[in-house]
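Chemist: TSV, C-alpha atoms, file final26.tsv:
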```
chain	number	residue	atom	x	y	z
X	1	MET	CA	-86.72	35.48	-62.82
X	2	ARG	CA	-86.52	38.75	-64.65
X	3	LYS	CA	-85.06	37.72	-67.98
X	4	LEU	CA	-86.87	35.76	-70.62
X	5	ILE	CA	-85.58	32.34	-71.46
X	6	ARG	CA	-85.57	30.95	-74.94
X	7	PHE	CA	-84.06	27.82	-76.39
X	8	ARG	CA	-80.37	27.15	-76.83
X	9	SER	CA	-78.32	27.81	-79.89
X	10	ASP	CA	-74.70	26.73	-80.34
X	11	SER	CA	-73.77	29.29	-77.70
X	12	GLY	CA	-76.24	27.96	-75.14
X	13	ILE	CA	-79.47	29.45	-73.78
X	14	ARG	CA	-80.37	32.67	-75.54
X	15	ALA	CA	-82.70	35.50	-74.55
X	16	SER	CA	-86.13	35.35	-76.11
X	17	ARG	CA	-87.64	38.31	-77.90
X	18	GLY	CA	-91.11	36.88	-77.55
X	19	LEU	CA	-93.34	35.38	-74.90
X	20	HIS	CA	-94.20	31.95	-76.19
X	21	PRO	CA	-96.42	29.92	-73.85
X	22	GLY	CA	-93.49	28.69	-71.90
X	23	SER	CA	-91.53	31.90	-71.70
X	24	ALA	CA	-94.63	33.86	-70.74
X	25	VAL	CA	-95.14	31.49	-67.87
X	26	ILE	CA	-91.48	31.48	-66.99
X	27	ARG	CA	-91.40	35.27	-66.82
X	28	LEU	CA	-94.74	36.09	-65.22
X	29	LEU	CA	-94.84	33.15	-62.83
X	30	ARG	CA	-91.56	33.74	-61.09
X	31	PRO	CA	-91.26	30.68	-60.61
X	32	GLY	CA	-94.44	30.07	-62.54
X	33	THR	CA	-97.38	31.91	-64.14
X	34	GLY	CA	-100.44	30.75	-65.74
X	35	ILE	CA	-103.21	31.68	-67.97
X	36	ALA	CA	-106.47	31.08	-66.28
X	37	VAL	CA	-109.88	32.18	-67.47
X	38	ALA	CA	-112.82	30.15	-66.29
X	39	LEU	CA	-116.00	29.54	-68.22
X	40	ALA	CA	-119.15	28.03	-66.80
X	41	ALA	CA	-121.20	25.28	-68.40
X	42	LEU	CA	-124.27	27.48	-68.72
X	43	LEU	CA	-124.30	30.97	-70.20
X	44	LEU	CA	-125.45	33.85	-68.04
X	45	PRO	CA	-128.20	36.20	-69.23
X	46	SER	CA	-126.74	38.79	-71.58
X	47	ILE	CA	-126.14	42.36	-70.46
X	48	SER	CA	-127.19	45.13	-72.78
X	49	LEU	CA	-124.27	46.94	-74.36
X	50	ALA	CA	-126.12	50.21	-74.04
X	51	GLY	CA	-125.59	51.59	-70.55
X	52	ALA	CA	-123.75	48.51	-69.35
X	53	ASP	CA	-123.01	48.62	-65.63
X	54	LEU	CA	-119.39	47.90	-64.69
X	55	ASN	CA	-120.26	46.11	-61.45
X	56	ALA	CA	-122.75	43.90	-63.28
X	57	VAL	CA	-120.12	43.00	-65.87
X	58	ILE	CA	-117.56	42.12	-63.18
X	59	SER	CA	-120.12	39.94	-61.42
X	60	GLY	CA	-121.01	38.30	-64.72
X	61	LEU	CA	-117.38	37.49	-65.42
X	62	GLN	CA	-116.84	36.09	-61.93
X	63	GLN	CA	-119.90	33.86	-62.14
X	64	ARG	CA	-119.26	32.79	-65.71
X	65	TYR	CA	-115.80	31.52	-64.95
X	66	ALA	CA	-116.26	30.18	-61.43
X	67	LEU	CA	-117.61	26.80	-62.55
X	68	VAL	CA	-115.02	26.06	-65.20
X	69	LYS	CA	-113.08	22.83	-64.75
X	70	SER	CA	-111.26	22.77	-68.09
X	71	ILE	CA	-110.76	24.96	-71.14
X	72	GLY	CA	-109.50	24.45	-74.68
X	73	ALA	CA	-108.89	26.96	-77.47
X	74	ASP	CA	-106.85	27.97	-80.48
X	75	PHE	CA	-104.57	30.91	-79.73
X	76	ILE	CA	-102.50	33.54	-81.50
X	77	GLN	CA	-99.83	35.05	-79.27
X	78	THR	CA	-98.16	38.33	-80.19
X	79	TYR	CA	-95.26	39.86	-78.28
X	80	ARG	CA	-94.45	43.55	-78.85
X	81	ALA	CA	-91.42	45.50	-77.68
X	82	PRO	CA	-89.49	48.43	-79.18
X	83	GLY	CA	-88.51	47.31	-82.68
X	84	ILE	CA	-89.93	43.81	-82.14
X	85	GLU	CA	-93.21	42.12	-83.03
X	86	GLN	CA	-93.27	38.33	-82.82
X	87	THR	CA	-96.36	36.18	-83.47
X	88	GLU	CA	-96.84	32.51	-82.67
X	89	SER	CA	-99.94	30.30	-82.75
X	90	GLY	CA	-101.22	26.90	-81.68
X	91	THR	CA	-103.67	25.21	-79.32
X	92	LEU	CA	-104.03	25.12	-75.57
X	93	ILE	CA	-105.70	22.92	-72.96
X	94	MET	CA	-105.96	23.86	-69.28
X	95	LYS	CA	-107.52	22.06	-66.35
X	96	LYS	CA	-107.97	22.92	-62.70
X	97	PRO	CA	-106.16	23.27	-60.45
X	98	GLY	CA	-103.05	24.09	-62.50
X	99	PHE	CA	-102.56	21.72	-65.44
X	100	MET	CA	-101.61	23.19	-68.81
X	101	ARG	CA	-100.62	22.03	-72.28
X	102	TRP	CA	-99.66	24.59	-74.94
X	103	GLU	CA	-98.75	23.27	-78.37
X	104	TYR	CA	-97.09	25.85	-80.59
X	105	ARG	CA	-97.45	25.01	-84.27
X	106	THR	CA	-96.14	28.11	-86.06
X	107	PRO	CA	-93.62	29.45	-86.81
X	108	GLU	CA	-91.95	26.47	-85.08
X	109	VAL	CA	-93.16	23.50	-83.05
X	110	LYS	CA	-92.82	23.87	-79.25
X	111	TYR	CA	-94.54	22.39	-76.23
X	112	PHE	CA	-95.21	23.86	-72.81
X	113	ILE	CA	-96.62	21.44	-70.23
X	114	ALA	CA	-97.46	21.93	-66.54
X	115	ASP	CA	-98.21	18.76	-64.58
X	116	GLY	CA	-99.00	20.34	-61.22
X	117	ARG	CA	-95.46	20.00	-59.88
X	118	GLU	CA	-93.18	21.21	-62.68
X	119	THR	CA	-93.31	22.94	-66.06
X	120	TYR	CA	-91.56	21.67	-69.17
X	121	LEU	CA	-90.73	23.82	-72.19
X	122	TYR	CA	-89.58	21.61	-75.06
X	123	SER	CA	-88.31	22.48	-78.54
X	124	PRO	CA	-87.88	19.38	-80.73
X	125	GLU	CA	-85.71	21.38	-83.12
X	126	ASP	CA	-83.26	22.44	-80.41
X	127	ARG	CA	-83.43	19.13	-78.53
X	128	GLN	CA	-83.65	20.97	-75.23
X	129	VAL	CA	-86.09	20.96	-72.31
X	130	LEU	CA	-86.35	23.78	-69.76
X	131	VAL	CA	-87.72	22.55	-66.42
X	132	ARG	CA	-88.96	24.57	-63.46
X	133	ARG	CA	-90.86	23.81	-60.28
X	134	PHE	CA	-94.45	25.02	-60.48
X	135	SER	CA	-97.54	24.40	-58.35
X	136	ALA	CA	-101.21	25.34	-58.76
X	137	VAL	CA	-100.88	27.84	-55.90
X	138	GLU	CA	-98.47	29.92	-57.97
X	139	LEU	CA	-101.11	30.33	-60.67
X	140	HIS	CA	-103.22	32.51	-58.38
X	141	SER	CA	-100.82	35.46	-58.48
X	142	THR	CA	-100.82	35.77	-62.27
X	143	PRO	CA	-103.15	37.30	-64.88
X	144	LEU	CA	-103.51	33.86	-66.42
X	145	GLN	CA	-105.65	32.71	-63.52
X	146	PHE	CA	-108.66	34.12	-65.39
X	147	LEU	CA	-108.65	31.19	-67.79
X	148	LEU	CA	-109.57	28.75	-65.04
X	149	GLY	CA	-111.84	31.05	-63.06
X	150	GLN	CA	-109.57	31.19	-60.03
X	151	GLY	CA	-109.40	34.00	-57.51
X	152	ASP	CA	-111.66	36.92	-56.65
X	153	ILE	CA	-111.64	39.65	-59.31
X	154	ARG	CA	-112.54	42.54	-57.00
X	155	ARG	CA	-110.09	41.46	-54.32
X	156	SER	CA	-107.18	41.03	-56.72
X	157	TYR	CA	-107.76	43.92	-59.17
X	158	GLU	CA	-108.92	47.47	-59.66
X	159	VAL	CA	-111.26	47.13	-62.66
X	160	ALA	CA	-112.23	49.90	-65.10
X	161	TRP	CA	-113.47	50.27	-68.65
X	162	GLU	CA	-110.53	50.37	-71.06
X	163	ARG	CA	-110.51	54.03	-72.05
X	164	ASP	CA	-113.11	54.60	-74.76
X	165	GLN	CA	-113.28	50.91	-75.61
X	166	GLY	CA	-115.36	49.91	-72.59
X	167	VAL	CA	-118.19	48.84	-74.87
X	168	ASN	CA	-117.04	48.57	-78.46
X	169	GLY	CA	-118.94	48.17	-81.71
X	170	ASP	CA	-118.11	44.50	-82.02
X	171	GLY	CA	-120.41	43.23	-79.28
X	172	ALA	CA	-117.70	43.04	-76.63
X	173	PHE	CA	-116.75	44.50	-73.28
X	174	VAL	CA	-113.14	45.71	-72.91
X	175	LEU	CA	-111.88	46.01	-69.34
X	176	ARG	CA	-108.59	46.96	-67.69
X	177	PHE	CA	-107.48	44.97	-64.64
X	178	THR	CA	-104.78	46.64	-62.51
X	179	PRO	CA	-103.32	44.32	-59.85
X	180	ARG	CA	-103.69	45.49	-56.27
X	181	ALA	CA	-100.47	43.70	-55.31
X	182	THR	CA	-97.62	46.18	-55.76
X	183	GLU	CA	-95.09	43.38	-56.30
X	184	ALA	CA	-96.83	42.09	-59.44
X	185	ASP	CA	-94.49	41.74	-62.43
X	186	TYR	CA	-97.03	43.29	-64.80
X	187	ALA	CA	-98.64	46.74	-64.82
X	188	TYR	CA	-102.13	45.73	-65.95
X	189	VAL	CA	-104.15	43.33	-68.08
X	190	VAL	CA	-106.73	44.29	-70.71
X	191	ILE	CA	-109.43	41.69	-71.35
X	192	GLU	CA	-111.96	41.67	-74.18
X	193	CYS	CA	-114.97	39.41	-73.68
X	194	ASP	CA	-118.17	38.71	-75.54
X	195	ALA	CA	-120.99	40.86	-74.16
X	196	ARG	CA	-123.53	38.01	-74.29
X	197	SER	CA	-121.61	34.91	-73.23
X	198	PHE	CA	-118.63	36.50	-71.39
X	199	ASP	CA	-116.34	34.23	-73.40
X	200	MET	CA	-112.87	35.72	-73.46
X	201	ARG	CA	-111.74	36.84	-76.90
X	202	LYS	CA	-108.46	38.50	-76.07
X	203	MET	CA	-106.04	39.15	-73.20
X	204	VAL	CA	-103.26	41.73	-73.35
X	205	ILE	CA	-100.63	41.69	-70.59
X	206	ARG	CA	-98.72	44.95	-70.19
X	207	GLU	CA	-95.34	44.55	-68.51
X	208	ARG	CA	-93.89	47.31	-66.34
X	209	THR	CA	-91.25	47.78	-69.05
X	210	GLY	CA	-93.99	48.73	-71.53
X	211	ASN	CA	-93.72	45.50	-73.53
X	212	THR	CA	-96.96	43.61	-74.20
X	213	SER	CA	-98.04	40.01	-74.74
X	214	GLU	CA	-101.38	39.57	-76.50
X	215	PHE	CA	-103.34	36.29	-76.52
X	216	ALA	CA	-106.23	36.10	-79.01
X	217	LEU	CA	-108.48	33.08	-78.39
X	218	SER	CA	-110.86	31.32	-80.80
X	219	ASN	CA	-112.84	28.08	-80.93
X	220	LEU	CA	-113.03	28.22	-77.15
X	221	LYS	CA	-114.55	25.23	-75.35
X	222	THR	CA	-115.09	24.66	-71.65
X	223	ASN	CA	-115.64	21.74	-69.31
X	224	MET	CA	-114.49	19.21	-71.87
X	225	LYS	CA	-113.43	15.76	-70.75
X	226	VAL	CA	-109.64	15.89	-70.57
X	227	ASP	CA	-107.34	12.92	-70.02
X	228	ASP	CA	-104.71	13.80	-67.41
X	229	LYS	CA	-102.13	11.96	-69.51
X	230	GLN	CA	-102.03	15.02	-71.76
X	231	PHE	CA	-100.31	16.88	-68.93
X	232	GLN	CA	-97.61	14.26	-68.41
X	233	PHE	CA	-94.28	14.99	-70.07
X	234	LYS	CA	-92.14	12.05	-71.14
X	235	LEU	CA	-88.55	13.14	-71.53
X	236	PRO	CA	-87.34	12.35	-75.09
X	237	LYS	CA	-84.08	10.45	-75.39
X	238	GLY	CA	-80.95	12.42	-76.10
X	239	VAL	CA	-82.26	15.90	-75.18
X	240	GLU	CA	-80.48	18.42	-72.97
X	241	VAL	CA	-82.30	19.17	-69.71
X	242	VAL	CA	-81.86	22.64	-68.16
X	243	ARG	CA	-83.27	23.15	-64.65
X	244	LEU	CA	-84.05	26.85	-64.27
X	245	ASP	CA	-84.41	26.58	-60.49
X	246	ASP	CA	-80.66	26.00	-60.37
X	247	LYS	CA	-79.90	29.19	-62.34
```
For this file, write the structure as structure tokens.
Modeler:
Amino acid sequence: MRKLIRFRSDSGIRASRGLHPGSAVIRLLRPGTGIAVALAALLLPSISLAGADLNAVISGLQQRYALVKSIGADFIQTYRAPGIEQTESGTLIMKKPGFMRWEYRTPEVKYFIADGRETYLYSPEDRQVLVRRFSAVELHSTPLQFLLGQGDIRRSYEVAWERDQGVNGDGAFVLRFTPRATEADYAYVVIECDARSFDMRKMVIRERTGNTSEFALSNLKTNMKVDDKQFQFKLPKGVEVVRLDDK
């Protein structure tokens, strides 16, 4: 699906100017996308910022995230396009193989939930739920797979230092991941991670149109005990249900 979906107004579904958790997934997943960055229970030995070796950093990232079962964080999401800059924030929880719960708190309350079979994007204010089929397999073809440590970095991406920011003055590595698959809906992903722990600080997804979606993460936790009930969506009474697979 090429166009972004937002919530309905009096005239029905309207195009979104921003990639909130749900719309980001709806767009990048085609029929689903995910955010997946995996973090291991134990930290790897730190790599010196001075003279850091790219291959060592890639290996460190792969190992750090391979053992992650679940992840939680606060996020700030910023969508930029010509003449547009939209920022939203909230909390997220993800769990292997493809469970997600994004709670948007500002500027308006929204929920995006993936239960392993379908995704639900719900706006209490608009009394509307957007539903789409989505499986864990579909998460593997998206840049969001990093958050759950899925896939093989070298097999899926060409990796390089991000211009002159490869090692910045804030104790972080900044890398550019260009998908090897030519059919990918995005041009590349820039990831900033802590040089000592490899915790992800920021992910910027660059669309082929030139628009970007930036996810800044804080208070990141991994391998927490997560009740699967958090990924079950109970349809509220009286809401309109729109099935995007039928569009």
Chemist: Between X:Thr87, X:Asn223, X:Thr178, X:Ser218, which is the closest to X:Ala73 once you count all atoms listed in the file?
Modeler: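 Nearest to X:Ala73: X:Ser218.
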Chemist: Could you name the residues that touch X:Gln230 at 9 Å or less, counting only C-alpha atoms, but leaving out those on the same chain fewer than 4 positions away, as a list in words?
Modeler: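 Here the answer would be Ile93, Met100, Arg101, Ile113, Asp115 and Val226 of chain X.
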Chemist: I need the residue nearest X:Phe99 from this list: X:Ala114, X:Ile76, X:Ala181, X:Leu67. Use only C-alpha atoms for the distance.
Modeler: X:Ala114
Chemist: One number please: atom CA of X:Thr106 to atom CA of X:Tyr188, in Å, one decimal.
Modeler: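 Interatomic distance here is 27.4 Å.
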Chemist: Quick one: pull the distance between atom CA of X:Leu61 and atom CA of X:Phe198, Å, one decimal.
Modeler: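 Atom CA of X:Phe198 lies 6.2 Å from atom CA of X:Leu61.
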Chemist: For atom CA of X:Gly151 and atom CA of X:Ala187, determine how far apart the two atoms are, in Å to one decimal place.
Modeler: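 Atom CA of X:Ala187 lies at a distance of 18.2 Å from atom CA of X:Gly151.
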Chemist: I need the residue nearest X:Ala66 from this list: X:Glu88, X:Asp152, X:Asp53, X:Asp227. Use all atoms listed in the file for the distance.
Modeler: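 Counting all atoms listed in the file, the residue closest to X:Ala66 is X:Asp152.
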